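Data block below; observations after.
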Amino acid sequence: MPLRRLAAAAGLVLALLPGLAHSQEREFRLGLITPPVHVWNQEARSMGETLDELSEGRLSLATFPSGQLGSEGAMLQQLQTGALDMAWLTTAELTTRVPDMGALHAPFLVDDIEGAARILRSDEAREILDALPRATGTVGLCYAMTGMRQLMTTEPVDTVDELAGMRFRITPAPPIRSFFEMVGAAPAPMPLTQVYDALANGQIDAIDMDHESIINFGYYDHAPYLMETNHHLFGMVALISGRVWSTLSDADKAIVREAAQIHCDRTIDRFVAEEDAKLARLQEVEGLTITEDVGREFFGDIVERWDAEWAERTPYVERLRELAATF
């Protein structure tokens with residue numbers, strides 16, 4: 001082929017490359033720590049259907065629940081290298097790299113799950129996602145949530161002083177550790193998948209957990225005392241690897257964002273709508289003692305002490321408190 005015709009052919013191929021890239025089929029892999037029955041997993045699977053629909057069959061999603069791909073920390077590392085495409089990780093996990101996200105775990109930031117939803121949908125919360133690419137090598141697509149956190153113990157508790165010395169399983173995150181250390185408990189970080197056995201063998205005395213996970217895992221088998229504290233919200237961020245994100249066309253980025261947002265919103269809406277019904281279901285569990293309306297006053301000056309410590313780490317403590325005060 002003459003050199004002139006060869007160059008023209010090469011130019012035509014290069015001109016078509018953006019269109020070819022746009023038309024390529026792709027299956028994303030998404031990891032979660034929650035079991036298949038959890039709302040997050042249900043909505044993640046539905047997100048795959050939405051991706052398929054919006055992309056006319058080009059984009060699909062395979063989900064890996066129950067920590068099949070490792071702990072949240074391990075999945076975050078995989079996202080950084082591009083070995084994993086997406087993950088739905090707790091905001092707690094991200095606080096180790098993004099201190100501003102610790103403000104979302106401020107004790108008694110909101111009174112109920114409706115307030116939690118408003119916080120996670122706020123401009124202030126969205127701003128915190130802007131730090132993720134530099135800090136974690138990921139892009140935060142949207143927030144979702146699970147239910148408000150409650151306390152479960154193996155023995156009855158009447159006063160905050162009785163929490164002192166208890167071995168509390170916590171999500172391994174600095175703001176959560178601060179809270180339990182301030183009440184005198186002994187924080188015991190461990191993955192969600194190990195909690196049931198740890199209660200069963202006496203490795204821990206108590207946990208903080210939401211209604212959804214309490215029901216899914218049956219923690220009341222070994223921790224039959226539930227205190228309805230609503231002591232903090234528990235968010236999730238839908239993440240995509242920054243390396244993977246950079247390979248997508250603008251059109252596909254828009255599709256991924258839209259699909260993620262649809263199912264983040266549905267996740268939030270479901271938890272808000274179902275929170276009371278889940279409590280009612282737990283009230284029917286034989287042998288489970290529930291103490292309701294255990295509020296901020298039970299914990300004394302915990303809010304003031306926690307805020308004093310964390311306000312030095314992030315201005316979002318004050319900003320989110322001010323926002324919550326308007327609800």
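Convention: chains lettered A, B, ... in structure tokens order; per-chain residue numbering from 1; ligands numbered from 1 as shown.
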Output as a CSV table (one decimal) with C-alpha atoms, in the first residue's frame all residues of stretch 58-87 of chain A that backbone DSSP marks as alpha helix (DSSP H).
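Result went into result.csv, see below:
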```csv
chain,number,residue,atom,x,y,z
A,72,GLU,CA,-12.9,-3.2,53.2
A,73,GLY,CA,-9.2,-2.2,53.6
A,74,ALA,CA,-8.2,-4.9,51.1
A,75,MET,CA,-10.8,-3.8,48.7
A,76,LEU,CA,-9.8,-0.2,48.9
A,77,GLN,CA,-6.2,-1.3,48.0
A,78,GLN,CA,-7.6,-3.2,45.0
A,79,LEU,CA,-9.5,-0.1,43.9
A,80,GLN,CA,-6.3,1.9,44.1
A,81,THR,CA,-4.5,-0.4,41.7
```
How close does stretch 49-148 of chain A get to stretch 203-223 of chain A? List, as JSON lines, each residue of stretch 49-148 of chain A within 7 Å, its nearest atom pair and the distance in Å to one decimal, counting only C-alpha atoms.
```
{"residue": "A:Thr146", "atom": "CA", "partner": "A:Asp210", "partner_atom": "CA", "distance": 7.0}
{"residue": "A:Gly147", "atom": "CA", "partner": "A:Asp210", "partner_atom": "CA", "distance": 5.0}
{"residue": "A:Met148", "atom": "CA", "partner": "A:Asp210", "partner_atom": "CA", "distance": 5.5}
```
Same residues, N, CA and C atoms, output as a CSV table (one decimal), in the first residue's frame:
```csv
chain,number,residue,atom,x,y,z
A,146,THR,N,-26.9,2.5,55.9
A,146,THR,CA,-27.6,1.5,56.6
A,146,THR,C,-28.4,2.2,57.7
A,147,GLY,N,-28.9,1.4,58.6
A,147,GLY,CA,-29.7,2.0,59.7
A,147,GLY,C,-28.9,2.7,60.7
A,148,MET,N,-29.5,3.4,61.6
A,148,MET,CA,-28.9,4.0,62.8
A,148,MET,C,-28.2,3.0,63.7
```
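Across A:Ser249, A:Thr314, A:Gln194, A:Leu141, the tightest approach to A:Val98 is made by A:Thr314 when counting only C-alpha atoms.
Of the listed residues A:Glu56, A:Asp123, A:Glu93, A:Asp250, the one whose atoms come nearest to A:Val237 is A:Glu93, with distances taken using only C-alpha atoms.
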Surrounding residues of A:Thr247 excluding itself and chain neighbours under 3 positions, 12 Å, only C-alpha atoms, as number ranges by chain = A: 18, 21-22, 24, 26, 82, 85, 240-244, 250-253
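Remark: for A:Glu155, the closest of the candidate residues A:Tyr225, A:Phe28, A:Phe271, A:Tyr196 is A:Tyr225 (distances computed over only C-alpha atoms).
Residue nearest A:Ala238 within the list A:Ala117, A:Leu69, A:Leu61, A:Leu89: A:Leu89 [criterion: smallest interatomic distance, only C-alpha atoms].
Note that the spacing between atom CA of A:Glu286 and atom CA of A:Pro224 amounts to 9.4 Å.
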Which residues are close to A:Asp265, i.e. within 10 Å by only C-alpha atoms, leaving aside same-chain residues fewer than 6 positions away? Reply as a compact mmCIF listing (two decimals) with N, CA and C atoms, in the first residue's frame.
```txt
# COMPACT_ATOMS: atom_id res chain seq x y z
N GLU A 43 -29.55 -3.80 46.15
CA GLU A 43 -29.50 -2.63 45.29
C GLU A 43 -28.29 -2.65 44.35
N ALA A 117 -30.52 10.71 56.55
CA ALA A 117 -30.69 10.80 55.09
C ALA A 117 -30.43 12.21 54.60
N ARG A 121 -27.41 13.54 51.99
CA ARG A 121 -27.80 14.15 50.73
C ARG A 121 -27.44 15.64 50.66
N CYS A 142 -21.58 8.45 45.05
CA CYS A 142 -22.73 8.89 45.84
C CYS A 142 -22.69 8.21 47.21
N TYR A 143 -23.49 8.74 48.11
CA TYR A 143 -23.65 8.14 49.44
C TYR A 143 -24.91 7.30 49.50
N ALA A 144 -24.85 6.29 50.33
CA ALA A 144 -26.06 5.60 50.78
C ALA A 144 -25.88 5.36 52.28
N MET A 145 -26.60 4.40 52.83
CA MET A 145 -26.54 4.24 54.28
C MET A 145 -27.07 2.87 54.67
```
Please indicate the distance in Å from atom CA of A:Leu199 to atom CA of A:Leu163, rounded to one decimal place.
-> 16.0 Å
Neighbour list for A:Leu233 as a ChimeraX atom specification, cut-off 9 Å, only C-alpha atoms, skip fewer than 5 positions in-chain = /A:104-110,112-113,115-117,145-149
